[in-house]
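Raw contents of upload_2.tsv, TSV, C-alpha atoms and all ligand atoms:
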chain	number	residue	atom	x	y	z
A	651	MET	CA	-18.75	62.72	9.15
A	652	ALA	CA	-20.73	59.76	10.58
A	653	GLU	CA	-23.62	58.77	8.32
A	654	ILE	CA	-27.09	58.76	9.89
A	655	ASP	CA	-29.33	55.82	9.01
A	656	VAL	CA	-32.53	57.88	8.64
A	657	LEU	CA	-32.72	61.70	8.79
A	658	VAL	CA	-36.25	62.97	9.47
A	659	ILE	CA	-36.74	66.60	8.45
A	660	GLY	CA	-39.54	68.10	10.53
A	661	ALA	CA	-40.74	67.43	14.09
A	662	GLY	CA	-44.48	67.76	13.60
A	663	VAL	CA	-46.72	64.81	14.37
A	664	LEU	CA	-45.86	63.10	11.06
A	665	GLY	CA	-42.08	63.38	11.41
A	666	LEU	CA	-42.18	62.25	15.05
A	667	CYS	CA	-44.51	59.31	14.32
A	668	CYS	CA	-42.15	58.16	11.54
A	669	ALA	CA	-39.17	58.54	13.87
A	670	VAL	CA	-40.64	56.56	16.78
A	671	GLU	CA	-41.86	53.79	14.45
A	672	LEU	CA	-38.43	53.49	12.79
A	673	GLU	CA	-36.68	53.42	16.16
A	674	ARG	CA	-39.11	50.72	17.30
A	675	ARG	CA	-37.94	48.69	14.29
A	676	GLY	CA	-34.29	49.20	15.21
A	677	HIS	CA	-33.27	51.96	12.77
A	678	GLY	CA	-30.94	54.79	13.82
A	679	VAL	CA	-32.91	58.04	13.48
A	680	GLN	CA	-32.10	61.74	13.76
A	681	VAL	CA	-34.93	64.32	13.64
A	682	VAL	CA	-34.08	67.92	12.69
A	683	ASP	CA	-36.38	70.92	13.23
A	684	PRO	CA	-35.70	74.59	14.01
A	685	GLY	CA	-38.43	74.49	16.71
A	686	GLY	CA	-41.33	76.83	17.40
A	687	ARG	CA	-45.06	76.18	17.23
A	688	ASN	CA	-46.05	74.15	14.20
A	689	ALA	CA	-49.48	73.03	12.93
A	690	SER	CA	-49.24	69.95	15.14
A	691	TRP	CA	-48.81	72.07	18.29
A	692	VAL	CA	-51.72	74.36	17.40
A	693	ALA	CA	-54.18	71.55	16.61
A	694	ALA	CA	-57.14	70.28	18.62
A	695	GLY	CA	-55.88	66.68	18.65
A	696	MET	CA	-59.15	65.08	17.63
A	697	ILE	CA	-58.59	61.46	16.64
A	698	ALA	CA	-61.89	61.57	14.86
A	699	PRO	CA	-62.63	59.04	12.12
A	700	ALA	CA	-66.38	59.19	12.78
A	701	LEU	CA	-67.24	62.89	12.72
A	702	GLU	CA	-64.53	63.65	10.13
A	703	SER	CA	-66.06	61.01	7.84
A	704	ALA	CA	-69.59	62.30	8.43
A	705	ILE	CA	-68.72	66.00	8.02
A	706	GLU	CA	-66.71	65.37	4.85
A	707	ASP	CA	-69.24	62.80	3.55
A	708	VAL	CA	-66.49	60.35	2.60
A	709	THR	CA	-66.72	56.95	0.94
A	710	PRO	CA	-66.89	53.79	3.09
A	711	ALA	CA	-63.32	52.97	1.98
A	712	ARG	CA	-62.03	56.35	3.23
A	713	ALA	CA	-63.93	55.95	6.52
A	714	ALA	CA	-62.39	52.48	6.97
A	715	LEU	CA	-58.90	53.94	6.40
A	716	LEU	CA	-59.51	56.65	9.01
A	717	ARG	CA	-60.82	54.06	11.47
A	718	ARG	CA	-57.78	51.87	10.84
A	719	ALA	CA	-55.53	54.88	11.56
A	720	ARG	CA	-57.36	55.56	14.82
A	721	ASP	CA	-56.98	51.94	15.90
A	722	LEU	CA	-53.19	52.32	15.89
A	723	TRP	CA	-53.42	55.00	18.59
A	724	PRO	CA	-53.93	52.91	21.76
A	725	ASP	CA	-50.63	51.02	21.32
A	726	LEU	CA	-48.67	54.17	20.44
A	727	ALA	CA	-50.21	56.12	23.32
A	728	GLU	CA	-49.45	53.38	25.80
A	729	ALA	CA	-45.89	52.85	24.57
A	730	LYS	CA	-45.01	56.56	24.61
A	731	GLY	CA	-46.99	57.72	27.66
A	732	ILE	CA	-49.55	59.81	25.76
A	733	GLU	CA	-52.93	60.28	27.41
A	734	LEU	CA	-55.60	59.13	24.95
A	735	HIS	CA	-58.98	60.57	25.93
A	736	ARG	CA	-61.73	58.19	24.92
A	737	ARG	CA	-64.61	60.46	25.87
A	738	PRO	CA	-67.61	60.79	23.54
A	739	ALA	CA	-67.67	63.42	20.80
A	740	GLU	CA	-70.76	65.34	19.86
A	741	TRP	CA	-72.35	67.19	16.95
A	742	ARG	CA	-74.84	69.80	18.08
A	743	GLY	CA	-77.34	71.88	16.09
A	744	GLU	CA	-78.18	72.26	12.44
A	745	GLY	CA	-77.38	69.26	10.29
A	746	ALA	CA	-77.67	66.74	13.14
A	747	ASP	CA	-80.03	64.47	11.16
A	748	VAL	CA	-77.62	64.28	8.23
A	749	ILE	CA	-74.60	63.68	10.48
A	750	ALA	CA	-76.44	60.91	12.35
A	751	ASP	CA	-77.51	59.20	9.11
A	752	ARG	CA	-73.98	59.32	7.69
A	753	LEU	CA	-72.44	57.96	10.90
A	754	ALA	CA	-74.90	55.08	10.93
A	755	ALA	CA	-74.40	54.33	7.22
A	756	LEU	CA	-70.62	54.17	7.73
A	757	GLY	CA	-70.97	51.83	10.72
A	758	PHE	CA	-69.88	54.26	13.44
A	759	SER	CA	-71.53	54.31	16.85
A	760	VAL	CA	-74.26	56.95	17.04
A	761	CYS	CA	-76.80	58.17	19.56
A	762	HIS	CA	-79.16	60.89	18.28
A	763	GLU	CA	-81.44	62.78	20.63
A	764	ARG	CA	-83.00	66.24	20.42
A	765	GLY	CA	-80.55	67.81	17.96
A	766	ARG	CA	-77.48	66.21	19.55
A	767	VAL	CA	-75.53	63.40	17.95
A	768	VAL	CA	-72.98	61.56	20.09
A	769	THR	CA	-70.42	58.98	18.98
A	770	ASP	CA	-67.97	56.91	21.01
A	771	ASP	CA	-65.76	56.37	17.97
A	772	ASP	CA	-63.79	59.64	18.18
A	773	TRP	CA	-61.00	60.21	20.71
A	774	GLN	CA	-58.62	63.05	21.52
A	775	VAL	CA	-55.06	63.83	22.60
A	776	ASP	CA	-53.60	67.03	24.06
A	777	CYS	CA	-51.28	68.11	21.24
A	778	PRO	CA	-48.53	70.02	23.09
A	779	ALA	CA	-48.29	67.20	25.66
A	780	ALA	CA	-48.34	64.49	22.99
A	781	LEU	CA	-45.61	66.21	20.94
A	782	ASP	CA	-43.52	66.48	24.08
A	783	ALA	CA	-44.00	62.78	24.84
A	784	LEU	CA	-43.07	61.76	21.27
A	785	ARG	CA	-39.93	63.92	21.36
A	786	LYS	CA	-38.91	62.53	24.75
A	787	ALA	CA	-39.39	58.97	23.49
A	788	LEU	CA	-36.69	59.41	20.84
A	789	GLY	CA	-33.31	57.80	21.36
A	790	ARG	CA	-31.57	60.95	20.06
A	791	PRO	CA	-32.92	64.41	20.91
A	792	VAL	CA	-34.35	66.50	18.07
A	793	MET	CA	-31.56	68.60	16.56
A	794	ALA	CA	-32.53	72.32	16.53
A	795	ALA	CA	-31.70	73.34	12.97
A	796	LYS	CA	-33.28	74.06	9.62
A	797	ILE	CA	-32.25	72.10	6.55
A	798	GLU	CA	-31.40	74.65	3.85
A	799	ALA	CA	-30.40	72.29	1.04
A	800	LEU	CA	-30.19	68.63	0.10
A	801	ALA	CA	-27.94	66.85	-2.36
A	802	ALA	CA	-27.96	63.23	-3.47
A	803	HIS	CA	-24.67	61.39	-3.61
A	804	ASP	CA	-23.73	57.77	-4.19
A	805	GLY	CA	-26.01	55.74	-1.96
A	806	GLY	CA	-27.15	58.59	0.24
A	807	TRP	CA	-27.84	62.26	0.90
A	808	SER	CA	-26.09	65.25	2.36
A	809	ALA	CA	-28.07	67.97	4.10
A	810	THR	CA	-26.83	71.53	4.63
A	811	LEU	CA	-27.91	73.06	7.94
A	812	SER	CA	-28.82	76.71	8.57
A	813	ASP	CA	-25.63	77.19	10.62
A	814	GLY	CA	-23.53	76.06	7.65
A	815	GLY	CA	-22.89	72.56	9.06
A	816	SER	CA	-23.92	69.41	7.24
A	817	LEU	CA	-25.26	65.92	7.88
A	818	ALA	CA	-24.94	62.75	5.83
A	819	ALA	CA	-27.77	60.23	5.78
A	820	ARG	CA	-28.56	57.02	3.93
A	821	THR	CA	-32.28	57.84	3.91
A	822	ILE	CA	-34.25	61.08	4.19
A	823	ILE	CA	-37.86	61.55	5.27
A	824	LEU	CA	-39.37	64.88	4.29
A	825	ALA	CA	-41.92	65.75	6.97
A	826	THR	CA	-41.84	69.49	6.53
A	827	GLY	CA	-45.57	70.23	6.79
A	828	ALA	CA	-46.76	73.00	4.49
A	829	ALA	CA	-43.24	74.46	4.04
A	830	GLU	CA	-41.91	75.15	0.58
A	831	ALA	CA	-39.63	72.65	-1.17
A	832	ILE	CA	-36.08	72.49	0.17
A	833	ARG	CA	-33.39	73.59	-2.30
A	834	GLY	CA	-31.68	70.72	-4.11
A	835	LEU	CA	-34.60	68.30	-4.11
A	836	PRO	CA	-34.85	66.34	-7.36
A	837	ALA	CA	-37.26	68.16	-9.73
A	838	ARG	CA	-40.08	65.61	-9.57
A	839	VAL	CA	-40.04	65.58	-5.76
A	840	ALA	CA	-39.87	69.37	-5.63
A	841	ALA	CA	-42.95	69.38	-7.87
A	842	LEU	CA	-44.81	67.04	-5.48
A	843	VAL	CA	-43.92	69.26	-2.51
A	844	SER	CA	-44.86	72.43	-4.37
A	845	ALA	CA	-48.27	70.94	-5.19
A	846	VAL	CA	-49.05	70.66	-1.47
A	847	GLU	CA	-51.62	73.36	-0.75
A	848	PRO	CA	-51.34	75.43	2.44
A	849	VAL	CA	-54.58	75.58	4.44
A	850	ARG	CA	-54.40	78.16	7.23
A	851	GLY	CA	-56.25	77.37	10.44
A	852	GLN	CA	-57.03	79.82	13.21
A	853	ILE	CA	-58.00	78.54	16.64
A	854	GLY	CA	-58.34	80.14	20.09
A	855	TRP	CA	-57.61	78.89	23.60
A	856	THR	CA	-59.48	80.11	26.64
A	857	ALA	CA	-58.87	79.13	30.26
A	858	ALA	CA	-62.64	78.68	30.68
A	859	ALA	CA	-63.77	75.03	30.78
A	860	LEU	CA	-66.53	75.33	28.18
A	861	ALA	CA	-66.79	71.63	27.30
A	862	ASP	CA	-65.69	68.38	28.94
A	863	HIS	CA	-65.70	66.58	25.57
A	864	VAL	CA	-65.42	67.64	21.92
A	865	VAL	CA	-68.58	69.46	20.79
A	866	ARG	CA	-68.82	70.30	17.10
A	867	GLY	CA	-71.42	72.28	15.20
A	868	PRO	CA	-71.85	74.43	12.10
A	869	GLY	CA	-68.80	76.69	11.68
A	870	GLY	CA	-66.86	75.64	14.76
A	871	TYR	CA	-66.08	73.35	17.68
A	872	LEU	CA	-65.10	73.32	21.33
A	873	ALA	CA	-62.40	70.90	22.44
A	874	PRO	CA	-61.00	70.54	25.95
A	875	GLN	CA	-57.24	71.13	26.15
A	876	GLY	CA	-54.76	71.98	28.88
A	877	GLY	CA	-57.42	72.65	31.52
A	878	GLY	CA	-59.26	75.12	29.24
A	879	THR	CA	-60.97	74.95	25.87
A	880	LEU	CA	-59.94	75.31	22.26
A	881	ILE	CA	-62.34	77.21	20.00
A	882	GLY	CA	-61.70	76.04	16.46
A	883	ALA	CA	-61.05	76.31	13.64
A	884	THR	CA	-60.94	78.01	10.26
A	885	MET	CA	-59.91	76.33	6.97
A	886	ASP	CA	-58.49	79.01	4.66
A	887	ALA	CA	-57.12	77.41	1.52
A	888	ARG	CA	-54.01	78.84	-0.14
A	889	ARG	CA	-53.12	81.01	2.91
A	890	ARG	CA	-49.94	80.63	4.93
A	891	ASP	CA	-50.02	83.94	6.85
A	892	GLN	CA	-49.40	83.27	10.54
A	893	ALA	CA	-50.93	86.27	12.36
A	894	PRO	CA	-54.42	85.75	13.84
A	895	ASP	CA	-57.04	87.96	12.14
A	896	ALA	CA	-60.08	89.65	13.68
A	897	ALA	CA	-62.59	88.37	11.10
A	898	SER	CA	-61.68	84.73	11.86
A	899	SER	CA	-61.83	85.36	15.62
A	900	GLU	CA	-65.27	86.90	15.29
A	901	ALA	CA	-66.64	84.03	13.17
A	902	LEU	CA	-65.24	81.42	15.57
A	903	VAL	CA	-66.64	83.18	18.65
A	904	ALA	CA	-70.07	83.36	16.98
A	905	ALA	CA	-69.96	79.63	16.16
A	906	ALA	CA	-68.73	78.74	19.66
A	907	ALA	CA	-71.49	80.83	21.28
A	908	ARG	CA	-74.04	78.59	19.56
A	909	LEU	CA	-72.43	75.60	21.34
A	910	ALA	CA	-71.90	76.99	24.87
A	911	PRO	CA	-72.40	80.26	26.74
A	912	LEU	CA	-69.22	82.35	26.36
A	913	ASP	CA	-68.00	85.00	28.80
A	914	PRO	CA	-67.60	88.03	26.48
A	915	VAL	CA	-64.68	89.45	28.48
A	916	ALA	CA	-62.70	86.23	29.03
A	917	PRO	CA	-59.40	86.52	27.13
A	918	ILE	CA	-58.82	84.19	24.17
A	919	ASP	CA	-55.30	83.34	23.01
A	920	TRP	CA	-55.63	83.17	19.20
A	921	ARG	CA	-53.23	80.87	17.35
A	922	VAL	CA	-52.62	79.96	13.70
A	923	GLY	CA	-51.29	76.79	12.10
A	924	VAL	CA	-50.84	75.97	8.43
A	925	ARG	CA	-51.81	72.48	7.33
A	926	GLY	CA	-50.53	70.94	4.10
A	927	ALA	CA	-53.14	69.35	1.82
A	928	THR	CA	-53.25	67.29	-1.36
A	929	SER	CA	-56.10	67.46	-3.86
A	930	ASP	CA	-57.70	64.24	-2.52
A	931	GLY	CA	-57.26	65.21	1.15
A	932	LEU	CA	-55.00	62.26	2.02
A	933	PRO	CA	-51.29	62.54	2.83
A	934	LEU	CA	-48.27	61.66	0.73
A	935	ALA	CA	-46.69	58.80	2.68
A	936	GLY	CA	-44.01	56.49	1.32
A	937	PRO	CA	-41.23	56.37	-1.28
A	938	SER	CA	-40.90	59.50	-3.43
A	939	GLY	CA	-39.61	57.66	-6.48
A	940	GLU	CA	-36.04	58.88	-5.79
A	941	PRO	CA	-33.69	56.42	-4.04
A	942	GLY	CA	-33.50	57.00	-0.28
A	943	LEU	CA	-36.05	59.83	-0.28
A	944	HIS	CA	-39.41	59.29	1.43
A	945	LEU	CA	-42.35	61.60	2.07
A	946	ALA	CA	-44.59	62.14	5.10
A	947	LEU	CA	-46.54	65.22	4.08
A	948	ALA	CA	-49.92	66.87	3.73
A	949	PRO	CA	-52.45	65.13	6.01
A	950	ARG	CA	-54.72	68.23	5.79
A	951	ARG	CA	-57.01	68.37	8.83
A	952	ASN	CA	-56.28	64.84	10.06
A	953	GLY	CA	-52.57	64.84	10.84
A	954	TRP	CA	-53.05	63.65	14.41
A	955	LEU	CA	-55.53	60.96	13.42
A	956	LEU	CA	-53.28	59.72	10.59
A	957	GLY	CA	-49.88	60.12	12.29
A	958	PRO	CA	-49.35	56.52	13.46
A	959	LEU	CA	-50.55	55.12	10.12
A	960	VAL	CA	-48.22	57.44	8.19
A	961	GLY	CA	-45.37	56.35	10.50
A	962	ARG	CA	-45.99	52.70	9.69
A	963	VAL	CA	-46.45	53.23	5.96
A	964	VAL	CA	-43.26	55.28	5.67
A	965	ALA	CA	-41.28	52.74	7.74
A	966	ASP	CA	-42.62	49.93	5.53
A	967	GLY	CA	-41.53	51.87	2.43
A	968	ILE	CA	-38.02	52.29	3.82
A	969	GLU	CA	-37.86	48.55	4.54
A	970	GLY	CA	-39.04	47.75	1.00
A	971	ARG	CA	-42.48	46.50	2.03
A	972	PRO	CA	-45.62	47.43	0.11
A	973	GLY	CA	-47.23	50.71	1.12
A	974	GLU	CA	-50.77	51.98	1.34
A	975	PRO	CA	-52.02	52.70	-2.21
A	976	ALA	CA	-54.37	55.46	-0.99
A	977	LEU	CA	-51.38	57.33	0.48
A	978	ASP	CA	-48.82	56.57	-2.26
A	979	PRO	CA	-47.02	59.84	-3.08
A	980	LEU	CA	-47.00	58.87	-6.76
A	981	ARG	CA	-50.76	58.24	-7.02
A	982	PHE	CA	-51.59	61.52	-8.79
B	1001	LIG	C1	-56.23	74.86	13.89
B	1001	LIG	C2	-55.94	73.43	13.56
B	1001	LIG	C3	-56.64	72.42	14.17
B	1001	LIG	C4	-56.36	71.08	13.87
B	1001	LIG	N1	-57.03	70.09	14.52
B	1001	LIG	C5	-56.75	68.80	14.22
B	1001	LIG	C6	-57.40	67.75	14.92
B	1001	LIG	O1	-58.19	67.98	15.82
B	1001	LIG	N2	-57.09	66.45	14.57
B	1001	LIG	C7	-56.19	66.17	13.59
B	1001	LIG	O2	-55.97	64.98	13.30
B	1001	LIG	N3	-55.54	67.15	12.93
B	1001	LIG	C8	-55.81	68.45	13.22
B	1001	LIG	N4	-55.19	69.45	12.54
B	1001	LIG	C9	-54.30	69.10	11.43
B	1001	LIG	C10	-52.95	68.72	11.93
B	1001	LIG	O3	-52.53	69.64	12.88
B	1001	LIG	C11	-51.99	68.70	10.77
B	1001	LIG	O4	-52.49	67.84	9.77
B	1001	LIG	C12	-50.64	68.17	11.25
B	1001	LIG	O5	-50.22	68.88	12.38
B	1001	LIG	C13	-49.59	68.25	10.19
B	1001	LIG	O6	-48.43	67.71	10.75
B	1001	LIG	P1	-47.06	67.76	9.98
B	1001	LIG	O7	-46.09	66.99	10.78
B	1001	LIG	O8	-47.28	67.40	8.55
B	1001	LIG	O9	-46.70	69.33	9.91
B	1001	LIG	P2	-46.24	70.37	11.03
B	1001	LIG	O10	-46.86	70.13	12.33
B	1001	LIG	O11	-46.42	71.72	10.40
B	1001	LIG	O12	-44.69	70.09	11.20
B	1001	LIG	C14	-43.78	70.33	10.15
B	1001	LIG	C15	-42.44	70.66	10.79
B	1001	LIG	O13	-41.45	70.71	9.76
B	1001	LIG	C16	-40.50	71.68	10.15
B	1001	LIG	N5	-39.75	72.09	8.97
B	1001	LIG	C17	-40.23	72.68	7.84
B	1001	LIG	N6	-39.22	72.94	6.99
B	1001	LIG	C18	-38.08	72.48	7.60
B	1001	LIG	C19	-36.71	72.45	7.22
B	1001	LIG	N7	-36.30	72.95	6.03
B	1001	LIG	N8	-35.81	71.93	8.07
B	1001	LIG	C20	-36.21	71.41	9.27
B	1001	LIG	N9	-37.50	71.41	9.68
B	1001	LIG	C21	-38.41	71.94	8.85
B	1001	LIG	C22	-41.33	72.79	10.76
B	1001	LIG	O14	-40.55	73.60	11.63
B	1001	LIG	C23	-42.41	72.00	11.50
B	1001	LIG	O15	-42.09	71.82	12.86
B	1001	LIG	C24	-55.40	70.78	12.88
B	1001	LIG	C25	-54.68	71.81	12.29
B	1001	LIG	C26	-54.92	73.13	12.62
B	1001	LIG	C27	-54.11	74.20	11.99
Could you write out this file's structure as structure tokens?
Ligand SMILES: Cc1cc2nc3c(=O)[nH]c(=O)nc-3n(C[C@H](O)[C@H](O)[C@H](O)COP(=O)(O)OP(=O)(O)OC[C@H]3O[C@@H](n4cnc5c(N)ncnc54)[C@H](O)[C@@H]3O)c2cc1C
Amino acid sequence: MAEIDVLVIGAGVLGLCCAVELERRGHGVQVVDPGGRNASWVAAGMIAPALESAIEDVTPARAALLRRARDLWPDLAEAKGIELHRRPAEWRGEGADVIADRLAALGFSVCHERGRVVTDDDWQVDCPAALDALRKALGRPVMAAKIEALAAHDGGWSATLSDGGSLAARTIILATGAAEAIRGLPARVAALVSAVEPVRGQIGWTAAALADHVVRGPGGYLAPQGGGTLIGATMDARRRDQAPDAASSEALVAAAARLAPLDPVAPIDWRVGVRGATSDGLPLAGPSGEPGLHLALAPRRNGWLLGPLVGRVVADGIEGRPGEPALDPLRF
């Protein structure tokens, strides 16, 4: 069996960003994923250091990290043919004063008029299209399979596939989102993966063009996508159930109606994604502490924003360069 240089398990935004960055650096990469809609597909694609920092009331250091992650997007988007929408993003309604003050204090652009706060510092991608572009950019197509088990052997890893086949790899990147730990992981890595908290998110898509830029407000947001609009999104900690529920739909419609007039009979396609989260809200990106095993997990609600940064940090870790202390998987 030919040994793969780097096996990436998971084709969400984190796995694909790691894969394209490693290929750019000349590594041989194989991505494996059973397919289907993941959290990355469901997401709104906001590349939003400014409003995320203001809403979450983060420290200046955290805001600077998010801004640094955003600033990696133009090069990635250009290289891989991803459309990066640099239209303004808005906060509308209650809390506008606080959001405006926080944006200004953190050094983000801000224009505040009559209950509306607009920043030029947040951008957006169309997630299904961006995932497609990242997949197509890979030298080897994503292999449609689930990894059932991993085992370390001298100088590498073997991975058992769902169809009973196996792969050998020198290096593994676990980019499995909020999924449970794969059988055979060393105990301390399994513990890190098991500590990742699932955070269910429900979001709806309507063909109606309700907003031509991201509009956020208390309890919800509108984000243009695929010619229509996404109505997002819930954050339900410790839930991984995948079926849309009526209570979430109702709450999101009520929040959206405060942002734009909604047609009460227009159909909404409700979707659910499960994000992985750590206790400090930042991902686990870099060496796991076990030889040849690296993590790209748990970016919570900022996986798209942080994807290119995670890709770089993980690639640096594989090449033996220093990582990003704030994302170090062993920081807890
Ligand atoms: C409703 C919603 C809205 C969001 N909006 C935004 C936003 O606007 N901006 C933003 O930055 N972020 C947003 N997010 C967050 C973002 O989507 C996530 O942080 C990100 O998608 C996580 O990416 P990931 O690659 O870690 O996981 P995922 O996208 O879940 O991918 C993990 C992949 O691993 C695969 N996998 C799991 N186990 C195995 C296995 N054993 N073998 C092989 N493959 C396996 C799965 O099939 C899956 O494809 C949103 C999330 C949700 C749910």
(message) Counting only C-alpha atoms and all ligand atoms, what are the residues, protein, DNA or RNA alike, that approach ligand LIG 1001 (chain B) to within 6 Å? I want them as a PyMOL selection string.
(response) chain A and resi 659-665+682-685+688-690+692-697+796-798+825-827+829+832+851-853+883+923-925+947-955
(message) Please determine, counting only C-alpha atoms, which residue among A:Ala910, A:Ala861, A:Gln892, A:Val846 has the shortest atom-to-atom distance to A:Pro933.
(response)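 The closest residue to A:Pro933 is A:Val846.
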(request) Just the residues within 12 Å of A:Ala840, please, counting all atoms listed in the file, with nothing from its chain fewer than 3 positions along; format it as JSON, numbers by chain. (result) {"A": [799, 800, 824, 829, 830, 831, 832, 833, 834, 835, 836, 837, 843, 844, 845, 846, 938, 939, 940, 943, 945]}
Take the residues just selected and output them with C-alpha atoms as a PDB file, keeping the file's coordinate frame.
ATOM      1  CA  ALA A 799     -30.400  72.290   1.040  1.00  0.00           C
ATOM      2  CA  LEU A 800     -30.190  68.630   0.100  1.00  0.00           C
ATOM      3  CA  LEU A 824     -39.370  64.880   4.290  1.00  0.00           C
ATOM      4  CA  ALA A 829     -43.240  74.460   4.040  1.00  0.00           C
ATOM      5  CA  GLU A 830     -41.910  75.150   0.580  1.00  0.00           C
ATOM      6  CA  ALA A 831     -39.630  72.650  -1.170  1.00  0.00           C
ATOM      7  CA  ILE A 832     -36.080  72.490   0.170  1.00  0.00           C
ATOM      8  CA  ARG A 833     -33.390  73.590  -2.300  1.00  0.00           C
ATOM      9  CA  GLY A 834     -31.680  70.720  -4.110  1.00  0.00           C
ATOM     10  CA  LEU A 835     -34.600  68.300  -4.110  1.00  0.00           C
ATOM     11  CA  PRO A 836     -34.850  66.340  -7.360  1.00  0.00           C
ATOM     12  CA  ALA A 837     -37.260  68.160  -9.730  1.00  0.00           C
ATOM     13  CA  VAL A 843     -43.920  69.260  -2.510  1.00  0.00           C
ATOM     14  CA  SER A 844     -44.860  72.430  -4.370  1.00  0.00           C
ATOM     15  CA  ALA A 845     -48.270  70.940  -5.190  1.00  0.00           C
ATOM     16  CA  VAL A 846     -49.050  70.660  -1.470  1.00  0.00           C
ATOM     17  CA  SER A 938     -40.900  59.500  -3.430  1.00  0.00           C
ATOM     18  CA  GLY A 939     -39.610  57.660  -6.480  1.00  0.00           C
ATOM     19  CA  GLU A 940     -36.040  58.880  -5.790  1.00  0.00           C
ATOM     20  CA  LEU A 943     -36.050  59.830  -0.280  1.00  0.00           C
ATOM     21  CA  LEU A 945     -42.350  61.600   2.070  1.00  0.00           C
TER      22      LEU A 945
END
(request) Using all atoms listed in the file, determine which residues lie at most 7 Å from stretch 863-877 of chain A, disregarding the query and same-chain residues fewer than 3 positions distant; provide the list as number ranges by chain. (result) A: 694, 737-744, 776, 857, 859, 880-883, 902, 905-906
Give me a file of those residues, with C-alpha atoms, as a tab-separated table (two decimals), keeping the file's coordinate frame.
chain	number	residue	atom	x	y	z
A	694	ALA	CA	-57.14	70.28	18.62
A	737	ARG	CA	-64.61	60.46	25.87
A	738	PRO	CA	-67.61	60.79	23.54
A	739	ALA	CA	-67.67	63.42	20.80
A	740	GLU	CA	-70.76	65.34	19.86
A	741	TRP	CA	-72.35	67.19	16.95
A	742	ARG	CA	-74.84	69.80	18.08
A	743	GLY	CA	-77.34	71.88	16.09
A	744	GLU	CA	-78.18	72.26	12.44
A	776	ASP	CA	-53.60	67.03	24.06
A	857	ALA	CA	-58.87	79.13	30.26
A	859	ALA	CA	-63.77	75.03	30.78
A	880	LEU	CA	-59.94	75.31	22.26
A	881	ILE	CA	-62.34	77.21	20.00
A	882	GLY	CA	-61.70	76.04	16.46
A	883	ALA	CA	-61.05	76.31	13.64
A	902	LEU	CA	-65.24	81.42	15.57
A	905	ALA	CA	-69.96	79.63	16.16
A	906	ALA	CA	-68.73	78.74	19.66
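Between atom CA of A:Asp886 and atom CA of A:Thr928 there is a distance of 14.2 Å.
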(message) Using Å and a single decimal, report how far atom CA of A:Ala927 sits from atom CA of A:Leu909.
(response)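 Pair atom CA of A:Leu909 / atom CA of A:Ala927 returns 28.1 Å.
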(message) Taking only C-alpha atoms into account, name the residue in A:Ala809, A:Ala652, A:Leu781, A:Leu860 that is nearest to A:Gly731.
(response)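 Of A:Ala809, A:Ala652, A:Leu781, A:Leu860, the one nearest A:Gly731, counting only C-alpha atoms, is A:Leu781.
Taking atom CA of A:Val748 and atom CA of A:Leu722 as the two end points, the separation is 28.3 Å.
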(request) Using all atoms listed in the file, find the one residue out of A:Val708, A:Leu788, A:Cys761, A:Val775 that sits nearest to A:Gly931. (result)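 Looking only at the distances to A:Gly931, the closest residue turns out to be A:Val708.
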(request) Considering all atoms listed in the file, state which residue in the set A:Pro941, A:Pro975, A:Gly878, A:Gly745 is at the smallest distance from A:Gly765. (result)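 Of the candidates, the smallest distance to A:Gly765 is held by A:Gly745.
If all atoms listed in the file are the atoms counted, then among A:Ala818, A:Arg785, A:Arg712, A:Gly926 the closest residue to A:Val849 is A:Gly926.
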(request) Take the point (-64.5, 56.4, 14.3) in the file's coordinates, draw a sphere of radius 9 Å around it, and report as an MDAnalysis selection string every protein, DNA or RNA residue with an atom inside or on it, counting all atoms listed in the file. (result) chainID A and resid 697:703 713:714 716:718 720:721 753 757:759 769:773
Selected residues written out, C-alpha atoms, as a PDB file, in the coordinates of the input:
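Once everything was written out, this is part_38.pdb:
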ATOM      1  CA  ILE A 697     -58.590  61.460  16.640  1.00  0.00           C
ATOM      2  CA  ALA A 698     -61.890  61.570  14.860  1.00  0.00           C
ATOM      3  CA  PRO A 699     -62.630  59.040  12.120  1.00  0.00           C
ATOM      4  CA  ALA A 700     -66.380  59.190  12.780  1.00  0.00           C
ATOM      5  CA  LEU A 701     -67.240  62.890  12.720  1.00  0.00           C
ATOM      6  CA  GLU A 702     -64.530  63.650  10.130  1.00  0.00           C
ATOM      7  CA  SER A 703     -66.060  61.010   7.840  1.00  0.00           C
ATOM      8  CA  ALA A 713     -63.930  55.950   6.520  1.00  0.00           C
ATOM      9  CA  ALA A 714     -62.390  52.480   6.970  1.00  0.00           C
ATOM     10  CA  LEU A 716     -59.510  56.650   9.010  1.00  0.00           C
ATOM     11  CA  ARG A 717     -60.820  54.060  11.470  1.00  0.00           C
ATOM     12  CA  ARG A 718     -57.780  51.870  10.840  1.00  0.00           C
ATOM     13  CA  ARG A 720     -57.360  55.560  14.820  1.00  0.00           C
ATOM     14  CA  ASP A 721     -56.980  51.940  15.900  1.00  0.00           C
ATOM     15  CA  LEU A 753     -72.440  57.960  10.900  1.00  0.00           C
ATOM     16  CA  GLY A 757     -70.970  51.830  10.720  1.00  0.00           C
ATOM     17  CA  PHE A 758     -69.880  54.260  13.440  1.00  0.00           C
ATOM     18  CA  SER A 759     -71.530  54.310  16.850  1.00  0.00           C
ATOM     19  CA  THR A 769     -70.420  58.980  18.980  1.00  0.00           C
ATOM     20  CA  ASP A 770     -67.970  56.910  21.010  1.00  0.00           C
ATOM     21  CA  ASP A 771     -65.760  56.370  17.970  1.00  0.00           C
ATOM     22  CA  ASP A 772     -63.790  59.640  18.180  1.00  0.00           C
ATOM     23  CA  TRP A 773     -61.000  60.210  20.710  1.00  0.00           C
TER      24      TRP A 773
END
